[in-house]
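Engineer: Hey, dropping run-v5.pdb in here, PDB, C-alpha atoms, pLDDT in the B column:
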```
ATOM      1  CA  MET G  42     118.963  71.726  69.691  1.00 88.00           C
ATOM      2  CA  VAL G  43     116.853  71.402  72.826  1.00 86.00           C
ATOM      3  CA  ARG G  44     115.542  74.616  74.310  1.00 91.00           C
ATOM      4  CA  TRP G  45     115.480  74.446  78.113  1.00 87.00           C
ATOM      5  CA  LEU G  46     112.910  76.427  80.071  1.00 89.00           C
ATOM      6  CA  ASN G  47     112.967  77.119  83.783  1.00 90.00           C
ATOM      7  CA  ALA G  48     110.025  75.509  85.541  1.00 87.00           C
ATOM      8  CA  HIS G  49     109.880  75.934  89.295  1.00 88.00           C
ATOM      9  CA  ILE G  50     108.299  73.067  91.188  1.00 88.00           C
ATOM     10  CA  SER G  51     107.830  72.736  94.938  1.00 90.00           C
ATOM     11  CA  VAL G  52     107.923  69.278  96.435  1.00 88.00           C
ATOM     12  CA  ALA G  53     106.560  68.376  99.849  1.00 90.00           C
ATOM     13  CA  LEU G  54     108.386  65.466 101.468  1.00 92.00           C
ATOM     14  CA  PRO G  55     107.857  63.606 104.722  1.00 94.00           C
ATOM     15  CA  GLU G  56     110.418  64.729 107.288  1.00 96.00           C
ATOM     16  CA  ASP G  57     112.235  61.376 107.351  1.00 96.00           C
ATOM     17  CA  GLU G  58     112.651  61.414 103.561  1.00 94.00           C
ATOM     18  CA  TYR G  59     113.867  65.008 103.650  1.00 96.00           C
ATOM     19  CA  GLU G  60     116.482  64.031 106.235  1.00 97.00           C
ATOM     20  CA  LYS G  61     117.716  61.263 103.910  1.00 96.00           C
ATOM     21  CA  ILE G  62     118.338  63.639 101.032  1.00 96.00           C
ATOM     22  CA  LYS G  63     119.970  66.217 103.289  1.00 97.00           C
ATOM     23  CA  ARG G  64     122.576  63.573 104.211  1.00 97.00           C
ATOM     24  CA  HIS G  65     123.696  63.579 100.564  1.00 97.00           C
ATOM     25  CA  PRO G  66     124.612  67.160  99.602  1.00 96.00           C
ATOM     26  CA  GLU G  67     126.842  65.792  96.835  1.00 98.00           C
ATOM     27  CA  ILE G  68     123.728  64.796  94.866  1.00 97.00           C
ATOM     28  CA  LYS G  69     122.177  67.405  92.578  1.00 96.00           C
ATOM     29  CA  TRP G  70     118.592  66.777  93.655  1.00 95.00           C
ATOM     30  CA  GLY G  71     117.224  69.193  91.063  1.00 93.00           C
ATOM     31  CA  ALA G  72     118.757  67.007  88.339  1.00 94.00           C
ATOM     32  CA  VAL G  73     117.255  63.899  89.935  1.00 95.00           C
ATOM     33  CA  ALA G  74     113.828  65.543  90.011  1.00 93.00           C
ATOM     34  CA  ARG G  75     114.182  66.779  86.421  1.00 93.00           C
ATOM     35  CA  LYS G  76     115.016  63.281  85.157  1.00 94.00           C
ATOM     36  CA  ALA G  77     112.102  61.805  87.114  1.00 92.00           C
ATOM     37  CA  VAL G  78     109.624  64.350  85.714  1.00 90.00           C
ATOM     38  CA  ILE G  79     110.855  63.774  82.158  1.00 91.00           C
ATOM     39  CA  TRP G  80     110.644  59.994  82.594  1.00 91.00           C
ATOM     40  CA  TYR G  81     107.128  60.240  84.056  1.00 85.00           C
ATOM     41  CA  ALA G  82     105.926  62.505  81.237  1.00 85.00           C
ATOM     42  CA  ASN G  83     107.359  60.108  78.652  1.00 85.00           C
ATOM     43  CA  GLU G  84     105.625  57.162  80.324  1.00 82.00           C
ATOM     44  CA  LEU G  85     102.340  59.090  80.229  1.00 80.00           C
ATOM     45  CA  GLU G  86     102.796  59.665  76.508  1.00 80.00           C
ATOM     46  CA  LYS G  87     103.394  55.945  75.951  1.00 78.00           C
ATOM     47  CA  MET G  88     100.250  55.137  77.901  1.00 74.00           C
ATOM     48  CA  LYS G  89      97.933  57.816  76.503  1.00 72.00           C
ATOM     49  CA  ASP G  90      95.917  55.175  74.655  1.00 64.00           C
ATOM     50  CA  SER G  91      95.749  52.927  77.721  1.00 65.00           C
ATOM     51  CA  THR G  92      92.878  52.767  80.147  1.00 62.00           C
ATOM     52  CA  ALA G  93      92.741  54.712  83.385  1.00 59.00           C
ATOM     53  CA  VAL G  94      92.959  51.419  85.274  1.00 60.00           C
ATOM     54  CA  GLN G  95      96.333  50.596  83.704  1.00 65.00           C
ATOM     55  CA  PHE G  96      97.551  54.101  84.494  1.00 64.00           C
ATOM     56  CA  LYS G  97      96.619  53.734  88.151  1.00 64.00           C
ATOM     57  CA  GLU G  98      98.332  50.353  88.368  1.00 67.00           C
ATOM     58  CA  VAL G  99     101.608  51.764  87.051  1.00 65.00           C
ATOM     59  CA  PHE G 100     101.692  55.193  88.660  1.00 65.00           C
ATOM     60  CA  CYS G 101      99.383  55.180  91.666  1.00 66.00           C
ATOM     61  CA  ASP G 102      99.498  51.636  92.978  1.00 56.00           C
ATOM     62  CA  GLY G 103      95.859  51.417  91.906  1.00 48.00           C
ATOM     63  CA  LYS G 104      94.773  54.199  94.255  1.00 48.00           C
ATOM     64  CA  ASP G 105      93.391  57.648  93.575  1.00 50.00           C
ATOM     65  CA  GLU G 106      95.909  60.127  94.944  1.00 50.00           C
ATOM     66  CA  LYS G 107      94.880  63.631  95.862  1.00 49.00           C
ATOM     67  CA  GLN G 108      97.180  66.482  94.921  1.00 44.00           C
TER      68      GLN G 108
END
```
As a first step, turn the structure in this file into structure tokens.

Structural biologist:
Amino acid sequence: MVRWLNAHISVALPEDEYEKIKRHPEIKWGAVARKAVIWYANELEKMKDSTAVQFKEVFCDGKDEKQ
């Protein structure tokens, strides 16, 4: 049995992207974000033995992104 914990995450979006998601209130955006975070974490686990260069190519388009 999976134990679910509540993690609260804030996401900053460009205004035009925010307007796109607001046009679709039928979508559960929290579920979309949850699936994306889980997928990303799983990809990181698969790549943990890879080099930083490969990581950047897959996740950052080869660029250093500031938080």

Engineer: Give me the residues within 12 Å of segment 66-71 of chain G as a ChimeraX atom specification, counting all atoms listed in the file and dropping any in the same chain fewer than 2 places off.

Structural biologist: /G:47-52,59-64,73-78

Engineer: Rounded to one decimal place, report the atom CA of Ala72 of chain G-atom CA of Leu46 of chain G distance in Å.

Structural biologist: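 If I compute the distance from atom CA of Ala72 of chain G to atom CA of Leu46 of chain G, I get 13.8 Å.
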
Engineer: Quote the spacing between atom CA of Trp45 of chain G and atom CA of Ile79 of chain G in Å to one decimal place.

Structural biologist: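 Between these atoms lies a distance of 12.3 Å.
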
Engineer: Find the distance between atom CA of Leu54 of chain G and atom CA of Tyr81 of chain G and write it in Å to one decimal.

Structural biologist: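 These atoms are spaced 18.2 Å apart.
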